Each structure stands twice: as structure tokens, then as C-alpha cells.
Amino acid sequence: MQPHRASSTARLIALSTVFLSHQPRDRDLLPPEAAALSESLLTRTAPLALRLIRALSRPGARGLVLGFERLVLPGIQRHYAARKRYIEDAARAFLAGAGGQLLVIGAGLDTLATRIARDMPDIRCVELDHPATSALKRDAMGGDVPANLVLVPLDLGRSPWAEAEGIDPALPTFVVLEGVTMYLTEQAVEETLQGCARMAPGSQLVWTFMHPDARGHVRFHQARAAVSAWLASRREPFTWGLALGVVPEFLAPLGLEPQEIVTATQLRARYLDPRGIDGALAQGEALCLTRTTE
Ligand SMILES: C[S@@+](CC[C@H](N)C(=O)[O-])C[C@H]1O[C@@H](n2cnc3c(N)ncnc32)[C@H](O)[C@@H]1O
């Protein structure tokens with residue numbers, strides 16, 4: 001990421017939440033309040049893009065967006081929604097049982113921490129993000145930051161996050177690292193994950209990673225070259241990925257152990273099939289629910 005530019009992909013994901021909330025088939029994937037909160041964040045930070053996406057969400061116009069998506073990366077919006085649904089379910093299950101802390105690393109304009117902070121006032125919530133994106137989020141939230149939510153600016157490539165002010169390492173913590181590792185170096189990924197291993201015993205982590213395609217490319221498997229070109233133009237190219245088969249060996253020296261690895265196949269079975277959603281779902285990013293071994 002560029003030092004002074006907030007993440008464009010974070011804005012894109014928030015816009016996609018708004019778009020999907022207007023689509024009859026897919027809106028059931030979104031948790032209550034997620035779209036309304038995303039709209040409120042975008043009102044302050046990307047008002048023109050928000051107006052455009054609202055206009056393009058209408059029945060007569062939505063075909064333009066869906067046609068473009070089919071052309072460049074089929075099922076990417078549904079992928080964002082399904083991955084968020086998995087993370088939401090895992091976070092709420094952990095916090096309902098263990099209490100403690102929710103830490104969202106590289107939160108972007110995601111709304112999970114805000115909604116949990118409102119729903120569960122005893123949970124400490126922390127969002128940690130690159131300083132430029134964290135500043136954007138603070139502006140976007142205006143005066144609406146819940147008392148139990150802290151926004152922490154930090155560049156993962158430069159500073160160890162586990163000692164950052166605002167994080168309580170003594171609390172059992174559910175850590176979310178969603179849509180972030182692909183932008184980091186391997187060293188920064190390892191350091192970030194290692195920080196999770198140092199949280200209080202019983203803490204849990206869900207993180208996502210790109211698993212390379214058959215030709216070894218780190219990308220969404222159906223993505224056209226235009227996607228990589230756009231990411232490069234925003235200074236957010238994908239830099240890191242990991243083969244699905246080596247996840248346990250990768251995590252073991254970091255003091256971590258995978259509990260579940262979830263790809264598009266499992267996301268479809270768990271979230272799309274029961275809702276009768278049979279359209280495309282992008283492949284190439286997996287989720288890994290992980291526990292500490294120390
Ligand atoms: C694709 S967005 C994902 C946002 C959010 N997690 C979601 O899934 O909706 C990538 C996020 O990673 C953050 N990020 C990228 N590089 C980072 C770095 N070096 N340090 C901290 N955050 C970083 C960006 O600021 C952005 O919020």
C-alpha cells in the first residue's frame with residue numbers, strides 16, 4: 001500500500017455490500033445492519049461512488065454491474081459476502097462463549113467490529129489498520145464510534161502489532177485477518193500471525209489467504225488480467241499466497257494450528273446452497289480458522 005493513500009479495495013468491498021443488499025437472491029447472505037452501516041461509512045468517504053452504486057443497484061440497471069462482474073471476475077461479490085458470513089458466525093460463536101476481545105486487523109470499511117461493539121457492550125473491540133485507511137475509517141465514522149471500540153493505526157510491515165496501544169493481550173481474543181495477507185510480504189504475514197499466537201490462551205484466529213491457481217499464480221482463479229492491472233494501479237497488488245496443502249506446516253513454527261480450512265466449495269455448501277443461490281462464486285481465497293498451540 002502507498003503510505004498516504006487509503007485502501008481502494010476496502011472501499012470496493014463496502015460498495016459491493018451495498019450493491020448486494022439490493023439484489024433479491026444474494027441479500028440474505030448479509031448480516032442485519034451491515035449494508036446500512038456500509039452506506040453510512042461510504043456517505044462520508046465516497047459519496048459519488050455510493051450514489052452511482054445505488055443507481056446501478058436498481059432492477060433496470062443492475063445487469064450492467066452483473067455483466068461487468070461476469071466478464072472480469074465472476075462471483076467476486078458473492079465471495080466477499082460468504083467469507084464475511086463465515087467470519088461473523090465464527091466470531092459471534094467465540095465471543096458468546098469466551099467473552100473477551102475482538103480484534104480486526106486490516107479492518108478497512110468492514111462493519112463487524114462496530115456491530116459487535118453495539119450488540120455486546122462487554123466485549124472490547126479493536127480495529128487495527130494501515131494509518132491511511134484507519135484515518136479514513138475514523139472520518140467515515142464521525143462521532144459514531146462506540147465506547148467499546150478502539151481504532152488503532154499501524155503499518156503491519158513496520159511495527160509489531162501485539163504491543164500496540166489499545167490491545168489487551170490478557171483477554172481471550174478472536175482475531176480476524178480478512179483479505180489482508182495477500183498484500184503483505186511473507187515476513188509480515190508470519191509476524192502478524194505470530195502475534196496472534198501470543199494472545200491469551202484459548203484465543204482464536206480466522207485469517208484468509210490466496211491459494212495459487214494451477215499455474216502457480218496468486219490471484220482469483222477466474223480473474224481476467226484487468227483485475228491484476230487495476231490492483232497494481234491502486235498500488236495494492238497481490239504479493240503473497242500459500243498452497244492449501246502446506247497450511248499446517250506453515251503455521252506450526254508460529255505456534256498455531258489450523259482447525260478448519262474453508263474454500264469456495266465449503267462456502268457454497270454452507271451458505272449458498274441452503275439459500276438456493278446457484279450463481280458463480282469466485283475461487284482462490286481460502287479461510288482458515290486457527291487456534292494457538294502454546
Ligand atoms: C482488501 S482490504 C480488506 C478490508 C476488510 N478486511 C474487508 O475484508 O472488508 C485490505 C485491508 O488491508 C489493509 N492493509 C494492507 N496493507 C496493510 C499494512 N501494511 N498494514 C496494515 N493494514 C494493511 C488495508 O488498509 C485494508 O484495510
# chains A, B, ... in the order shown; residues from 1 in each chain; ligands from 1
$ residues_near_ligand --ligand "ligand 1" --cutoff "6 Å" --atoms "only C-alpha atoms and all ligand atoms" --output "number ranges by chain"
A: 1, 7, 9-10, 13, 106-110, 129-130, 133, 154-157, 178-180, 183
$ write_last_selection --atoms "C-alpha atoms" --output "CSV table (one decimal), in the first residue's frame"
chain,number,residue,atom,x,y,z
A,1,MET,CA,0.0,0.0,0.0
A,7,SER,CA,-7.1,1.2,0.6
A,9,THR,CA,-10.1,-2.4,-2.2
A,10,ALA,CA,-11.6,-1.7,1.2
A,13,ILE,CA,-15.8,-4.3,-0.7
A,106,GLY,CA,-6.8,-4.6,8.4
A,107,ALA,CA,-10.4,-3.8,9.0
A,108,GLY,CA,-11.0,-1.4,6.1
A,109,LEU,CA,-14.6,-0.3,6.0
A,110,ASP,CA,-15.8,-3.6,7.4
A,129,ASP,CA,-5.4,-0.8,10.1
A,130,HIS,CA,-2.8,0.9,8.0
A,133,THR,CA,-7.1,3.5,5.9
A,154,LEU,CA,-0.5,0.6,12.4
A,155,ASP,CA,1.5,-0.5,9.3
A,156,LEU,CA,2.0,-4.3,9.6
A,157,GLY,CA,5.1,-4.3,7.6
A,178,GLU,CA,-9.6,-10.9,6.4
A,179,GLY,CA,-8.5,-10.0,2.9
A,180,VAL,CA,-5.1,-8.7,4.1
A,183,TYR,CA,-0.9,-7.6,0.3
$ select_by_dssp --residues "segment 2-166 of chain A" --states "strand (DSSP E or B)" --output "list of chain:residue names"
A:Gln101, A:Leu102, A:Leu103, A:Val104, A:Ile105, A:Arg124, A:Cys125, A:Val126, A:Glu127, A:Leu128, A:Asp129, A:Leu149, A:Val150, A:Leu151, A:Val152, A:Pro153
$ write_last_selection --atoms "N, CA and C atoms" --output "compact mmCIF listing (two decimals), in the first residue's frame"
# COMPACT_ATOMS: atom_id res chain seq x y z
N GLN A 101 -12.28 -10.23 23.80
CA GLN A 101 -11.90 -9.14 22.89
C GLN A 101 -12.05 -9.59 21.44
N LEU A 102 -12.48 -8.67 20.60
CA LEU A 102 -12.48 -8.89 19.15
C LEU A 102 -11.45 -7.95 18.54
N LEU A 103 -10.53 -8.53 17.79
CA LEU A 103 -9.50 -7.71 17.16
C LEU A 103 -9.58 -7.92 15.66
N VAL A 104 -9.85 -6.88 14.90
CA VAL A 104 -9.94 -6.99 13.44
C VAL A 104 -8.73 -6.27 12.85
N ILE A 105 -7.85 -7.05 12.23
CA ILE A 105 -6.62 -6.49 11.66
C ILE A 105 -6.85 -6.21 10.18
N ARG A 124 -14.56 -6.03 24.36
CA ARG A 124 -13.65 -4.98 23.92
C ARG A 124 -13.39 -5.20 22.42
N CYS A 125 -13.57 -4.19 21.60
CA CYS A 125 -13.37 -4.34 20.16
C CYS A 125 -12.26 -3.41 19.70
N VAL A 126 -11.38 -3.95 18.87
CA VAL A 126 -10.25 -3.17 18.37
C VAL A 126 -10.17 -3.37 16.86
N GLU A 127 -10.03 -2.29 16.14
CA GLU A 127 -9.75 -2.36 14.70
C GLU A 127 -8.38 -1.78 14.48
N LEU A 128 -7.53 -2.59 13.86
CA LEU A 128 -6.17 -2.13 13.59
C LEU A 128 -6.04 -2.03 12.07
N ASP A 129 -5.49 -0.94 11.56
CA ASP A 129 -5.37 -0.83 10.10
C ASP A 129 -4.22 0.09 9.74
N LEU A 149 -15.13 0.40 21.27
CA LEU A 149 -14.39 0.13 20.03
C LEU A 149 -13.24 1.13 19.92
N VAL A 150 -12.03 0.58 19.70
CA VAL A 150 -10.83 1.41 19.56
C VAL A 150 -10.29 1.25 18.14
N LEU A 151 -9.93 2.35 17.49
CA LEU A 151 -9.31 2.29 16.15
C LEU A 151 -7.82 2.55 16.31
N VAL A 152 -6.99 1.60 15.88
CA VAL A 152 -5.54 1.71 16.07
C VAL A 152 -4.85 1.79 14.70
N PRO A 153 -4.14 2.89 14.39
CA PRO A 153 -3.40 2.95 13.12
C PRO A 153 -2.06 2.24 13.25
$ select_by_dssp --residues "segment 234-275 of chain A" --states "alpha helix (DSSP H)" --output "ChimeraX atom specification"
/A:247-251,264-267
$ residues_around --residues "segment 212-228 of chain A" --least-positions-apart "2" --cutoff "8 Å" --atoms "only C-alpha atoms" --output "list in words"
Leu71, Val72, Leu73, Pro74, Met210, Trp230, Leu231, Ala232, Pro237, Phe238, Thr239, Trp240, Gly241, Leu242, Ala243, Ala282, Gln283, Gly284 and Glu285 of chain A
$ write_last_selection --atoms "C-alpha atoms" --output "PDB file, in the first residue's frame"
ATOM      1  CA  LEU A  71     -16.676 -10.563 -17.529  1.00  0.00           C
ATOM      2  CA  VAL A  72     -13.792  -9.720 -15.154  1.00  0.00           C
ATOM      3  CA  LEU A  73     -14.238 -11.897 -12.052  1.00  0.00           C
ATOM      4  CA  PRO A  74     -17.420 -13.978 -11.803  1.00  0.00           C
ATOM      5  CA  MET A 210      -4.871 -16.729  -1.626  1.00  0.00           C
ATOM      6  CA  TRP A 230      -6.371  -2.468 -11.589  1.00  0.00           C
ATOM      7  CA  LEU A 231      -4.854  -3.702  -8.288  1.00  0.00           C
ATOM      8  CA  ALA A 232      -1.403  -2.647  -9.470  1.00  0.00           C
ATOM      9  CA  PRO A 237      -1.077  -5.871  -5.998  1.00  0.00           C
ATOM     10  CA  PHE A 238      -1.361  -9.400  -4.596  1.00  0.00           C
ATOM     11  CA  THR A 239       2.080 -10.369  -3.319  1.00  0.00           C
ATOM     12  CA  TRP A 240       1.624 -13.486  -1.175  1.00  0.00           C
ATOM     13  CA  GLY A 241      -0.200 -16.785  -1.311  1.00  0.00           C
ATOM     14  CA  LEU A 242       0.039 -20.287   0.149  1.00  0.00           C
ATOM     15  CA  ALA A 243      -0.849 -23.728  -1.233  1.00  0.00           C
ATOM     16  CA  ALA A 282     -15.059 -16.730  -7.077  1.00  0.00           C
ATOM     17  CA  GLN A 283     -12.329 -19.253  -6.225  1.00  0.00           C
ATOM     18  CA  GLY A 284      -8.801 -18.636  -4.989  1.00  0.00           C
ATOM     19  CA  GLU A 285      -9.129 -17.239  -1.449  1.00  0.00           C
TER      20      GLU A 285
END
$ residues_around --residues "segment 25-37 of chain A" --least-positions-apart "3" --cutoff "7 Å" --atoms "only C-alpha atoms" --output "list of chain:residue names"
A:Thr17, A:Val18, A:Leu20, A:Ser21, A:His22, A:Ser40, A:Leu41, A:Ala81, A:Ala82, A:Arg85, A:Thr111, A:Ile277
$ write_last_selection --atoms "N, CA and C atoms" --output "mmCIF file, in the first residue's frame"
data_model
loop_
_atom_site.group_PDB
_atom_site.id
_atom_site.type_symbol
_atom_site.label_atom_id
_atom_site.label_comp_id
_atom_site.auth_asym_id
_atom_site.auth_seq_id
_atom_site.Cartn_x
_atom_site.Cartn_y
_atom_site.Cartn_z
ATOM 1 N N THR A 17 -21.036 -4.577 -0.724
ATOM 2 C CA THR A 17 -22.058 -4.907 0.299
ATOM 3 C C THR A 17 -23.346 -4.143 0.005
ATOM 4 N N VAL A 18 -23.201 -2.857 -0.353
ATOM 5 C CA VAL A 18 -24.388 -2.054 -0.659
ATOM 6 C C VAL A 18 -25.094 -2.619 -1.888
ATOM 7 N N LEU A 20 -25.031 -5.696 -3.143
ATOM 8 C CA LEU A 20 -25.673 -6.999 -2.888
ATOM 9 C C LEU A 20 -26.943 -6.851 -2.056
ATOM 10 N N SER A 21 -26.962 -5.828 -1.194
ATOM 11 C CA SER A 21 -28.144 -5.655 -0.324
ATOM 12 C C SER A 21 -29.391 -5.320 -1.143
ATOM 13 N N HIS A 22 -29.207 -4.918 -2.406
ATOM 14 C CA HIS A 22 -30.356 -4.621 -3.273
ATOM 15 C C HIS A 22 -30.689 -5.786 -4.202
ATOM 16 N N SER A 40 -23.580 4.194 5.462
ATOM 17 C CA SER A 40 -23.268 5.372 6.271
ATOM 18 C C SER A 40 -21.762 5.694 6.201
ATOM 19 N N LEU A 41 -20.908 4.666 6.186
ATOM 20 C CA LEU A 41 -19.456 4.912 6.072
ATOM 21 C C LEU A 41 -19.115 5.512 4.704
ATOM 22 N N ALA A 81 -19.297 -11.655 0.389
ATOM 23 C CA ALA A 81 -20.408 -11.812 1.336
ATOM 24 C C ALA A 81 -20.302 -13.137 2.086
ATOM 25 N N ALA A 82 -19.959 -14.221 1.363
ATOM 26 C CA ALA A 82 -19.901 -15.538 2.016
ATOM 27 C C ALA A 82 -18.723 -15.602 2.999
ATOM 28 N N ARG A 85 -19.707 -13.816 6.045
ATOM 29 C CA ARG A 85 -20.700 -14.568 6.813
ATOM 30 C C ARG A 85 -20.002 -15.618 7.691
ATOM 31 N N THR A 111 -17.799 -3.737 8.817
ATOM 32 C CA THR A 111 -18.667 -3.251 9.900
ATOM 33 C C THR A 111 -18.798 -4.227 11.073
ATOM 34 N N ILE A 277 -28.994 -20.260 -3.689
ATOM 35 C CA ILE A 277 -28.206 -19.371 -4.561
ATOM 36 C C ILE A 277 -27.277 -20.254 -5.394
#
$ closest_residue --among "A:Thr263, A:Thr208, A:Asn148, A:Ser134" --to "Asp122 of chain A" --atoms "only C-alpha atoms"
A:Asn148
$ atom_distance --atom1 "atom CA of Ser203 of chain A" --atom2 "atom CA of Ala170 of chain A"
10.0 Å
$ atom_distance --atom1 "atom CA of Asp139 of chain A" --atom2 "atom CA of His4 of chain A"
14.8 Å
$ residues_around --residues "Ala49 of chain A" --least-positions-apart "2" --cutoff "12 Å" --atoms "only C-alpha atoms" --output "list of chain:residue names"
A:Ser8, A:Arg11, A:Leu12, A:Ala14, A:Leu15, A:Ser16, A:Val18, A:Phe19, A:Glu39, A:Leu41, A:Leu42, A:Thr43, A:Arg44, A:Thr45, A:Ala46, A:Pro47, A:Arg51, A:Leu52, A:Ile53, A:Arg54, A:Ala55, A:Leu56
$ residues_around --residues "segment 160-162 of chain A" --least-positions-apart "3" --cutoff "8 Å" --atoms "only C-alpha atoms" --output "list of chain:residue names"
A:Leu154, A:Leu156, A:Ile167, A:Pro169, A:Glu191, A:Thr192, A:Gly195, A:Cys196, A:Arg198, A:Met199
$ atom_distance --atom1 "atom CA of Gly255 of chain A" --atom2 "atom CA of Thr292 of chain A"
5.9 Å
$ closest_residue --among "A:Gln259, A:Gln77, A:Thr114, A:Ser159" --to "Cys288 of chain A" --atoms "only C-alpha atoms"
A:Gln259
$ closest_residue --among "A:Arg158, A:Ile87, A:Gly60, A:Pro248" --to "Thr185 of chain A" --atoms "only C-alpha atoms"
A:Arg158
$ decode --residues "segment 120-138 of chain A" --atoms "C-alpha atoms" --output "PDB file, in the first residue's frame"
ATOM      1  CA  MET A 120     -22.185  -6.877  23.052  1.00  0.00           C
ATOM      2  CA  PRO A 121     -21.191  -3.891  25.234  1.00  0.00           C
ATOM      3  CA  ASP A 122     -18.955  -6.077  27.453  1.00  0.00           C
ATOM      4  CA  ILE A 123     -16.720  -7.088  24.541  1.00  0.00           C
ATOM      5  CA  ARG A 124     -13.648  -4.976  23.918  1.00  0.00           C
ATOM      6  CA  CYS A 125     -13.372  -4.341  20.160  1.00  0.00           C
ATOM      7  CA  VAL A 126     -10.247  -3.166  18.370  1.00  0.00           C
ATOM      8  CA  GLU A 127      -9.754  -2.363  14.702  1.00  0.00           C
ATOM      9  CA  LEU A 128      -6.173  -2.128  13.587  1.00  0.00           C
ATOM     10  CA  ASP A 129      -5.371  -0.832  10.104  1.00  0.00           C
ATOM     11  CA  HIS A 130      -2.823   0.883   7.953  1.00  0.00           C
ATOM     12  CA  PRO A 131      -2.647   4.544   9.119  1.00  0.00           C
ATOM     13  CA  ALA A 132      -4.139   5.915   5.866  1.00  0.00           C
ATOM     14  CA  THR A 133      -7.118   3.515   5.923  1.00  0.00           C
ATOM     15  CA  SER A 134      -7.552   3.891   9.694  1.00  0.00           C
ATOM     16  CA  ALA A 135      -7.814   7.687   9.257  1.00  0.00           C
ATOM     17  CA  LEU A 136     -10.415   7.165   6.518  1.00  0.00           C
ATOM     18  CA  LYS A 137     -12.427   4.888   8.830  1.00  0.00           C
ATOM     19  CA  ARG A 138     -12.268   7.423  11.664  1.00  0.00           C
TER      20      ARG A 138
END
